[in-house]
file work.txt (compact mmCIF, C-alpha atoms)
# COMPACT_ATOMS: atom_id res chain seq x y z
CA ALA A 1 86.13 130.48 145.21
CA PHE A 2 89.31 132.32 144.21
CA PRO A 3 89.77 131.75 140.45
CA LEU A 4 92.88 133.97 140.35
CA ASN A 5 94.81 131.60 142.65
CA TRP A 6 97.23 130.44 139.93
CA GLY A 7 99.12 128.12 142.30
CA ALA A 8 95.92 126.08 142.75
CA TRP A 9 95.49 125.84 138.98
CA GLN A 10 99.09 124.61 138.63
CA ASP A 11 98.57 121.95 141.32
CA LEU A 12 95.37 120.85 139.56
CA ALA A 13 97.26 120.59 136.25
CA MET A 14 99.70 118.14 137.87
CA LEU A 15 96.75 115.82 138.60
CA CYS A 16 95.43 115.85 135.03
CA HIS A 17 97.05 112.89 133.27
CA THR A 18 94.66 112.77 130.29
CA ARG A 19 92.51 115.22 128.33
CA PRO A 20 89.23 113.47 129.32
CA ILE A 21 90.04 114.20 132.96
CA VAL A 22 90.33 117.91 132.13
CA GLN A 23 87.11 117.90 130.12
CA ALA A 24 85.22 116.31 133.02
CA LEU A 25 86.31 118.98 135.53
CA PRO A 26 83.62 121.47 136.69
CA LEU A 27 85.83 124.53 136.09
CA PRO A 28 84.67 128.08 136.87
CA ASP A 29 83.76 130.23 133.87
CA HIS A 30 86.70 132.61 134.20
CA TRP A 31 89.38 133.84 131.79
CA VAL A 32 92.08 132.05 133.84
CA LYS A 33 90.52 128.76 132.73
CA GLY A 34 92.02 129.31 129.27
CA PHE A 35 95.52 129.58 130.75
CA PHE A 36 94.92 126.38 132.75
CA GLN A 37 93.71 124.43 129.70
CA ALA A 38 96.69 125.61 127.63
CA LEU A 39 99.10 124.66 130.44
CA VAL A 40 97.60 121.16 130.62
CA ASP A 41 97.92 120.80 126.84
CA VAL A 42 101.64 121.64 127.06
CA GLU A 43 102.11 119.16 129.93
CA LEU A 44 100.24 116.42 128.02
CA GLN A 45 102.33 117.06 124.87
CA CYS A 46 99.23 118.31 122.98
CA CYS A 47 101.30 121.22 121.73
CA PRO A 48 99.43 122.30 118.55
CA GLN A 49 96.27 122.72 120.66
CA ALA A 50 98.26 124.61 123.31
CA LEU A 51 99.72 126.99 120.71
CA ALA A 52 96.23 127.71 119.33
CA LYS A 53 94.99 128.53 122.84
CA TYR A 54 97.96 130.79 123.58
CA GLU A 55 97.41 132.65 120.30
CA GLU A 56 93.90 133.47 121.53
CA LEU A 57 95.12 134.38 125.02
CA GLU A 58 97.73 136.69 123.51
CA LYS A 59 94.89 138.83 122.20
CA LEU A 60 93.73 139.32 125.82
CA ILE A 61 97.22 139.99 127.22
CA PRO A 62 99.40 140.96 124.25
CA ASP A 63 102.72 141.55 126.08
CA SER A 64 102.67 138.57 128.46
CA GLN A 65 106.15 137.09 128.92
CA TYR A 66 104.53 134.00 130.43
CA ILE A 67 102.70 133.30 127.16
CA VAL A 68 105.92 133.75 125.16
CA VAL A 69 107.71 131.21 127.40
CA GLN A 70 104.85 128.72 127.17
CA LYS A 71 104.71 129.01 123.38
CA ALA A 72 108.48 128.47 123.26
CA GLN A 73 108.06 125.40 125.49
CA ALA A 74 105.40 124.03 123.14
CA HIS A 75 107.71 124.52 120.13
CA TYR A 76 110.50 122.84 122.09
CA ASN A 77 108.27 119.86 122.88
CA MET A 78 107.52 119.53 119.16
CA ARG A 79 111.28 119.70 118.43
CA GLU A 80 110.82 122.96 116.53
CA PHE A 81 114.04 124.28 117.99
CA ASN A 82 114.50 127.27 115.70
CA GLU A 83 111.08 128.72 116.59
CA ALA A 84 111.63 128.09 120.31
CA GLN A 85 115.11 129.63 120.22
CA ALA A 86 113.85 132.73 118.41
CA ALA A 87 111.12 133.20 121.03
CA PHE A 88 113.57 132.90 123.95
CA GLU A 89 116.08 135.27 122.35
CA LYS A 90 113.37 137.87 121.75
CA LEU A 91 112.24 137.48 125.37
CA LEU A 92 115.77 137.83 126.77
CA THR A 93 116.26 140.99 124.74
CA VAL A 94 113.25 142.48 126.57
CA ASP A 95 114.15 140.99 129.97
CA PRO A 96 117.87 140.06 130.14
CA TYR A 97 117.65 139.25 133.88
CA ARG A 98 114.98 136.60 133.44
CA LEU A 99 115.71 133.04 134.65
CA ASP A 100 112.24 131.43 134.57
CA GLY A 101 112.17 129.09 131.58
CA VAL A 102 115.73 129.89 130.52
CA ASP A 103 116.82 126.36 131.47
CA THR A 104 114.67 125.16 128.54
CA TYR A 105 116.51 127.67 126.32
CA SER A 106 119.79 126.12 127.49
CA ASN A 107 118.44 122.68 126.50
CA ILE A 108 117.82 124.01 122.98
CA LEU A 109 121.35 125.43 122.74
CA TYR A 110 122.68 122.09 124.01
CA VAL A 111 120.78 120.12 121.34
CA LYS A 112 121.94 122.52 118.63
CA GLU A 113 125.50 122.35 120.04
CA GLN A 114 125.80 126.14 120.20
CA LYS A 115 128.58 126.15 122.78
CA THR A 116 129.45 129.86 122.55
CA GLN A 117 125.87 131.03 123.03
CA LEU A 118 125.33 128.55 125.87
CA SER A 119 128.49 129.80 127.56
CA PHE A 120 127.17 133.38 127.34
CA VAL A 121 123.77 132.37 128.80
CA ALA A 122 125.48 130.43 131.62
CA HIS A 123 127.75 133.35 132.56
CA ARG A 124 124.83 135.78 132.53
CA ALA A 125 122.69 133.46 134.66
CA MET A 126 125.52 133.13 137.22
CA ALA A 127 125.86 136.90 137.34
CA ASN A 128 122.09 137.37 137.78
CA ASP A 129 121.53 134.78 140.53
CA LYS A 130 123.82 131.82 141.09
CA TYR A 131 121.55 130.39 143.80
CA ARG A 132 118.64 129.61 141.47
CA PRO A 133 118.10 125.97 140.38
CA GLU A 134 117.58 127.21 136.81
CA THR A 135 121.08 128.72 136.87
CA CYS A 136 122.60 125.44 138.07
CA CYS A 137 120.84 123.53 135.28
CA ILE A 138 122.06 126.01 132.65
CA VAL A 139 125.65 125.67 133.89
CA GLY A 140 125.24 121.89 134.07
CA ASN A 141 124.15 121.84 130.42
CA PHE A 142 127.20 123.92 129.50
CA TYR A 143 129.61 121.46 131.16
CA SER A 144 127.75 118.52 129.62
CA LEU A 145 128.17 120.02 126.14
CA LYS A 146 131.91 120.35 126.87
CA GLY A 147 131.99 116.65 127.78
CA GLN A 148 132.74 117.36 131.46
CA HIS A 149 130.03 115.08 132.82
CA GLU A 150 131.28 114.97 136.42
CA LYS A 151 131.06 118.77 136.67
CA ALA A 152 127.63 118.70 135.03
CA VAL A 153 126.40 116.23 137.67
CA LEU A 154 127.80 118.49 140.40
CA TYR A 155 125.70 121.43 139.18
CA PHE A 156 122.55 119.33 138.76
CA LYS A 157 123.03 118.18 142.37
CA ARG A 158 123.34 121.83 143.41
CA ALA A 159 120.04 122.55 141.65
CA LEU A 160 118.43 119.74 143.66
CA GLN A 161 119.87 121.06 146.92
CA LEU A 162 118.04 124.31 146.14
CA ASN A 163 114.82 122.56 145.05
CA ARG A 164 114.40 118.79 145.57
CA GLY A 165 111.33 118.82 143.36
CA TYR A 166 113.07 120.36 140.37
CA LEU A 167 112.14 117.89 137.62
CA SER A 168 114.63 118.96 134.93
CA ALA A 169 117.61 118.48 137.25
CA TRP A 170 116.70 114.85 138.03
CA THR A 171 116.17 114.03 134.35
CA LEU A 172 119.30 115.80 133.13
CA MET A 173 121.36 114.19 135.89
CA GLY A 174 120.07 110.83 134.70
CA HIS A 175 121.28 111.65 131.19
CA GLU A 176 124.73 112.47 132.55
CA TYR A 177 124.94 109.20 134.47
CA VAL A 178 124.03 107.35 131.25
CA GLU A 179 126.92 109.12 129.51
CA MET A 180 129.18 108.05 132.39
CA ARG A 181 127.81 104.47 132.18
CA ASN A 182 126.75 104.69 135.84
CA THR A 183 123.51 102.80 135.24
CA SER A 184 122.37 102.38 138.86
CA ALA A 185 122.65 106.13 139.52
CA ALA A 186 120.90 106.90 136.21
CA ILE A 187 117.98 104.61 137.11
CA GLU A 188 117.66 106.25 140.53
CA ALA A 189 117.65 109.76 139.00
CA TYR A 190 115.03 108.88 136.39
CA ARG A 191 112.82 107.20 139.00
CA ARG A 192 113.00 110.29 141.20
CA ALA A 193 111.95 112.38 138.20
CA LEU A 194 108.95 110.11 137.61
CA ASP A 195 107.98 110.34 141.29
CA ILE A 196 107.64 114.09 140.73
CA ASP A 197 105.87 113.87 137.36
CA PRO A 198 104.94 110.53 135.75
CA ARG A 199 104.22 112.41 132.50
CA ASP A 200 107.91 113.16 131.91
CA TYR A 201 108.55 111.17 128.74
CA ARG A 202 112.29 111.97 128.92
CA ALA A 203 112.61 109.99 132.15
CA TRP A 204 110.72 106.99 130.72
CA TYR A 205 112.89 107.15 127.60
CA GLY A 206 116.03 107.48 129.72
CA LEU A 207 115.08 104.38 131.71
CA GLY A 208 114.63 102.53 128.43
CA GLN A 209 118.10 103.59 127.28
CA THR A 210 119.64 102.60 130.60
CA TYR A 211 118.16 99.11 130.57
CA GLU A 212 119.21 98.77 126.93
CA ILE A 213 122.82 99.39 128.04
CA LEU A 214 122.29 96.59 130.56
CA GLN A 215 121.03 94.32 127.72
CA MET A 216 117.69 93.95 129.55
CA HIS A 217 115.55 94.41 126.47
CA LEU A 218 112.17 93.44 127.91
CA TYR A 219 112.56 96.04 130.66
CA SER A 220 113.77 98.52 128.09
CA LEU A 221 110.77 97.84 125.85
CA HIS A 222 108.38 98.42 128.77
CA TYR A 223 109.82 101.90 129.43
CA TYR A 224 109.95 102.83 125.75
CA ARG A 225 106.26 101.91 125.49
CA LYS A 226 105.52 104.31 128.35
CA ALA A 227 107.44 107.06 126.53
CA ALA A 228 105.67 106.30 123.24
CA ALA A 229 102.27 106.48 124.96
CA LEU A 230 103.14 110.02 126.08
CA ARG A 231 104.73 110.99 122.72
CA PRO A 232 102.98 108.89 120.04
CA TYR A 233 104.06 111.31 117.28
CA ASP A 234 107.78 111.21 118.22
CA ALA A 235 109.70 108.98 115.80
CA ARG A 236 112.53 108.47 118.31
CA MET A 237 110.23 106.50 120.63
CA TRP A 238 109.19 104.15 117.83
CA CYS A 239 112.77 103.69 116.61
CA ALA A 240 113.84 102.79 120.15
CA MET A 241 111.03 100.24 120.42
CA GLY A 242 111.96 98.85 117.00
CA GLN A 243 115.56 98.31 118.12
CA CYS A 244 114.33 96.46 121.22
CA TYR A 245 112.12 94.19 119.12
CA GLU A 246 115.12 93.53 116.85
CA SER A 247 117.21 92.51 119.86
CA LEU A 248 114.38 90.19 120.93
CA GLU A 249 114.22 88.84 117.33
CA LYS A 250 110.58 89.90 116.98
CA PHE A 251 111.14 91.22 113.47
CA PRO A 252 107.51 91.79 112.35
CA ASP A 253 106.94 93.95 115.46
CA ALA A 254 110.20 95.82 114.77
CA ILE A 255 109.01 96.54 111.21
CA LYS A 256 105.71 97.94 112.53
CA CYS A 257 107.60 100.25 114.89
CA TYR A 258 109.92 101.53 112.17
CA GLN A 259 106.95 102.08 109.86
CA ARG A 260 105.30 104.12 112.61
CA ALA A 261 108.51 106.10 113.05
CA GLN A 262 108.67 106.82 109.33
CA ALA A 263 105.03 107.93 109.34
CA ASN A 264 105.92 110.39 112.12
CA ASN A 265 108.68 112.21 110.21
CA ASP A 266 111.80 110.36 111.31
CA ARG A 267 114.26 113.29 111.22
CA GLU A 268 117.26 111.18 112.19
CA GLY A 269 116.69 108.93 109.17
CA ILE A 270 117.00 105.73 111.19
CA ALA A 271 113.73 104.02 110.25
CA LEU A 272 114.15 103.62 106.48
CA GLY A 273 117.63 102.09 106.74
CA LYS A 274 116.44 99.70 109.45
CA LEU A 275 113.37 98.75 107.39
CA GLY A 276 115.54 98.06 104.34
CA LYS A 277 117.81 95.72 106.33
CA LEU A 278 114.91 93.93 108.03
CA TYR A 279 113.07 93.34 104.76
CA SER A 280 116.22 92.09 102.99
CA GLU A 281 117.90 90.07 105.74
CA THR A 282 115.07 88.66 107.86
CA MET A 283 111.86 88.81 105.81
CA GLY A 284 113.35 87.98 102.40
CA ASP A 285 111.31 90.74 100.70
CA LYS A 286 113.90 92.24 98.35
CA THR A 287 111.38 94.43 96.50
CA GLN A 288 110.18 96.15 99.68
CA ALA A 289 113.79 96.45 100.85
CA ALA A 290 114.77 98.18 97.59
CA THR A 291 111.90 100.65 97.99
CA CYS A 292 113.06 101.53 101.52
CA PHE A 293 116.73 101.83 100.55
CA GLU A 294 115.88 104.07 97.56
CA LYS A 295 113.76 106.38 99.73
CA ASN A 296 116.53 106.52 102.32
CA LEU A 297 119.17 107.24 99.67
CA ARG A 298 117.10 110.10 98.24
CA MET A 299 116.68 111.59 101.71
CA LEU A 300 120.41 111.26 102.53
CA ASP A 301 121.37 112.79 99.16
CA ALA A 302 118.98 115.70 99.77
CA GLU A 303 120.77 116.37 103.06
CA GLN A 304 124.18 115.79 101.40
CA VAL A 305 125.04 113.09 103.92
CA GLU A 306 127.61 110.36 103.23
CA SER A 307 127.41 107.73 105.96
CA GLN A 308 127.29 104.00 106.63
CA GLN A 309 123.58 104.16 105.82
CA THR A 310 124.43 105.60 102.40
CA LEU A 311 126.92 102.80 101.75
CA ASP A 312 124.44 100.11 102.86
CA ALA A 313 121.80 101.49 100.51
CA LEU A 314 124.22 101.74 97.57
CA VAL A 315 125.56 98.21 98.03
CA PHE A 316 122.10 96.66 98.29
CA LEU A 317 120.70 98.59 95.31
CA ALA A 318 123.75 97.76 93.17
CA HIS A 319 123.21 94.04 93.82
CA TYR A 320 119.43 94.33 93.43
CA TYR A 321 119.49 96.11 90.05
CA LYS A 322 122.27 94.01 88.51
CA ASP A 323 119.55 91.55 87.49
CA PRO A 324 118.78 92.28 83.79
CA ILE A 325 115.11 91.37 84.36
CA ARG A 326 114.65 94.60 86.35
CA GLY A 327 115.92 96.68 83.43
CA ARG A 328 118.06 99.03 85.51
CA LEU A 329 121.61 97.91 84.80
CA ALA A 330 122.67 101.54 84.25
CA ASP A 331 121.50 102.41 87.77
CA ALA A 332 123.38 99.42 89.22
CA GLU A 333 126.54 100.55 87.43
CA ALA A 334 126.09 104.13 88.70
CA TYR A 335 125.72 102.86 92.26
CA CYS A 336 128.94 100.82 91.91
CA GLN A 337 130.85 103.82 90.53
CA ARG A 338 129.66 105.95 93.41
CA ILE A 339 130.82 103.35 95.94
CA LEU A 340 134.26 103.19 94.31
CA GLU A 341 134.59 106.99 94.26
CA ASN A 342 133.46 107.67 97.84
CA TYR A 343 134.13 104.54 99.89
CA GLY A 344 137.29 102.51 100.31
CA SER A 345 135.73 99.28 101.61
CA ASP A 346 134.91 96.16 99.58
CA LYS A 347 136.53 97.45 96.38
CA GLU A 348 137.19 93.96 95.05
CA GLU A 349 133.56 92.94 95.57
CA ILE A 350 132.30 96.06 93.80
CA MET A 351 134.76 95.63 90.90
CA SER A 352 133.57 92.06 90.53
CA LEU A 353 129.98 93.29 90.54
CA LEU A 354 130.80 95.86 87.86
CA ARG A 355 132.27 93.15 85.64
CA GLU A 356 129.06 91.14 86.03
CA ILE A 357 126.96 94.15 85.05
CA ARG A 358 129.06 94.93 81.98
call {"tool": "encode", "arguments": {"input": "work.txt", "output": "structure tokens"}}
result
Amino acid sequence: AFPLNWGAWQDLAMLCHTRPIVQALPLPDHWVKGFFQALVDVELQCCPQALAKYEELEKLIPDSQYIVVQKAQAHYNMREFNEAQAAFEKLLTVDPYRLDGVDTYSNILYVKEQKTQLSFVAHRAMANDKYRPETCCIVGNFYSLKGQHEKAVLYFKRALQLNRGYLSAWTLMGHEYVEMRNTSAAIEAYRRALDIDPRDYRAWYGLGQTYEILQMHLYSLHYYRKAAALRPYDARMWCAMGQCYESLEKFPDAIKCYQRAQANNDREGIALGKLGKLYSETMGDKTQAATCFEKNLRMLDAEQVESQQTLDALVFLAHYYKDPIRGRLADAEAYCQRILENYGSDKEEIMSLLREIR
């Protein structure tokens, strides 16, 4: 046996689709086994466990750049973008010519819409080695952030000419085709990504989005379920499933999905607003709707956000608390005043409501 053959460990990791499979493997008692188990945890989206393993491995090899990249990848998978970005920036300070893993760093800059920094990373990658697939993906992300989707696709295709098995390029190209509303090309790109790695939740989620554009909600639901199975703690998966169930008029199932999204820290704030509307408009449960709208309003106010969701919550709560039985006429009046001060729509309706309250 050759336990230091890391390529064999990586190939084995690609075959491990669940943690029980890993636990059943008769692995050699060697320190490399820890790196393998941590890699599989990252691939299976078990990122807290992966981070704990890498913390221990860092004590064995304290200056390992590989461990830094893997920890950054784990933070990225958990959508802890600030921690992942800090790790990559520290790494690039030590090794400015590095390209391995830097495509993930470009994804973070893309999500955070840091165009200037992404431009700098793209120019440096081109100067270091323009014939690396990572470089092409970084440049593709840069053009995508600028809204130049055709150019982005061109660079993702270049990445695939250099490495046909480069997973990120297929998935990112699928995203670009979705933006361009080229659904057939998007589906092909996502399917090619899943041929390479069926554990890529982004490709499953992308297929769900694509079929949703095509108004094929049952297909869309199937792919969102696959994504949710891989990322059960990701609120976006549950929100997407909830929207599909809404389109299919399966409202109790939609409510369950939005509740699951809310339980998993829905950062986008979609779930509470959707729950409020479903409870009020389809289930007839005004009390539960008011609870959801109040929670959502508190969250939006904490983030100092004024949006359509804010208006929906204010309008519903103003109507709900105008009933003297609930003993919150002052709150209803305050909600009306806020609507009049911040929103121009439905002024006559709100003025009429104010007269009723007074």
call {"tool": "residues_around", "arguments": {"input": "work.txt", "residues": "A:Cys239", "least_positions_apart": "3", "cutoff": "7 Å", "atoms": "all atoms listed in the file", "output": "PDB file with C-alpha atoms, in the frame of the given file"}}
result
ATOM      1  CA  ALA A 235     109.700 108.980 115.800  1.00  0.00           C
ATOM      2  CA  ARG A 236     112.530 108.470 118.310  1.00  0.00           C
ATOM      3  CA  GLY A 242     111.960  98.850 117.000  1.00  0.00           C
ATOM      4  CA  GLN A 243     115.560  98.310 118.120  1.00  0.00           C
ATOM      5  CA  CYS A 257     107.600 100.250 114.890  1.00  0.00           C
ATOM      6  CA  TYR A 258     109.920 101.530 112.170  1.00  0.00           C
ATOM      7  CA  ALA A 261     108.510 106.100 113.050  1.00  0.00           C
ATOM      8  CA  ALA A 271     113.730 104.020 110.250  1.00  0.00           C
TER       9      ALA A 271
END
call {"tool": "residues_around", "arguments": {"input": "work.txt", "residues": "A:Met216", "least_positions_apart": "5", "cutoff": "10 Å", "atoms": "only C-alpha atoms", "output": "number ranges by chain"}}
result
A: 208-211, 221, 244, 247-248
call {"tool": "atom_distance", "arguments": {"input": "work.txt", "atom1": "atom CA of A:Met351", "atom2": "atom CA of A:Met299"}}
result
26.4 Å
call {"tool": "residues_around", "arguments": {"input": "work.txt", "residues": "A:Leu311", "least_positions_apart": "4", "cutoff": "8 Å", "atoms": "all atoms listed in the file", "output": "list of chain:residue names"}}
result
A:Glu306, A:Ser307, A:Val315, A:Ile339, A:Tyr343
call {"tool": "residues_around", "arguments": {"input": "work.txt", "residues": "stretch 192-198 of chain A", "least_positions_apart": "4", "cutoff": "6 Å", "atoms": "all atoms listed in the file", "output": "NGL selection string"}}
result
:A and (167 or 170-171)
call {"tool": "closest_residue", "arguments": {"input": "work.txt", "among": "A:Lys53, A:His217, A:Lys250, A:Lys226", "to": "A:Gly34", "atoms": "all atoms listed in the file"}}
result
A:Lys53
call {"tool": "atom_distance", "arguments": {"input": "work.txt", "atom1": "atom CA of A:Thr291", "atom2": "atom CA of A:Arg328"}}
result
14.0 Å
call {"tool": "closest_residue", "arguments": {"input": "work.txt", "among": "A:Ala228, A:Leu297, A:Val153, A:Ala254", "to": "A:Leu278", "atoms": "only C-alpha atoms"}}
result
A:Ala254
call {"tool": "closest_residue", "arguments": {"input": "work.txt", "among": "A:Thr282, A:Leu317, A:Arg267, A:Leu272", "to": "A:Asn296", "atoms": "all atoms listed in the file"}}
result
A:Leu272
call {"tool": "closest_residue", "arguments": {"input": "work.txt", "among": "A:Gln85, A:Gln304, A:Asn264, A:Thr287", "to": "A:Val68", "atoms": "all atoms listed in the file"}}
result
A:Gln85
call {"tool": "residues_around", "arguments": {"input": "work.txt", "residues": "A:Gln288", "least_positions_apart": "5", "cutoff": "9 Å", "atoms": "all atoms listed in the file", "output": "compact mmCIF listing (two decimals) with C-alpha atoms, in the coordinates of the input"}}
result
# COMPACT_ATOMS: atom_id res chain seq x y z
CA LEU A 275 113.37 98.75 107.39
CA GLY A 276 115.54 98.06 104.34
CA TYR A 279 113.07 93.34 104.76
CA SER A 280 116.22 92.09 102.99
CA PHE A 293 116.73 101.83 100.55
call {"tool": "closest_residue", "arguments": {"input": "work.txt", "among": "A:Arg199, A:Glu150, A:Tyr205, A:Ala289", "to": "A:Leu15", "atoms": "only C-alpha atoms"}}
result
A:Arg199
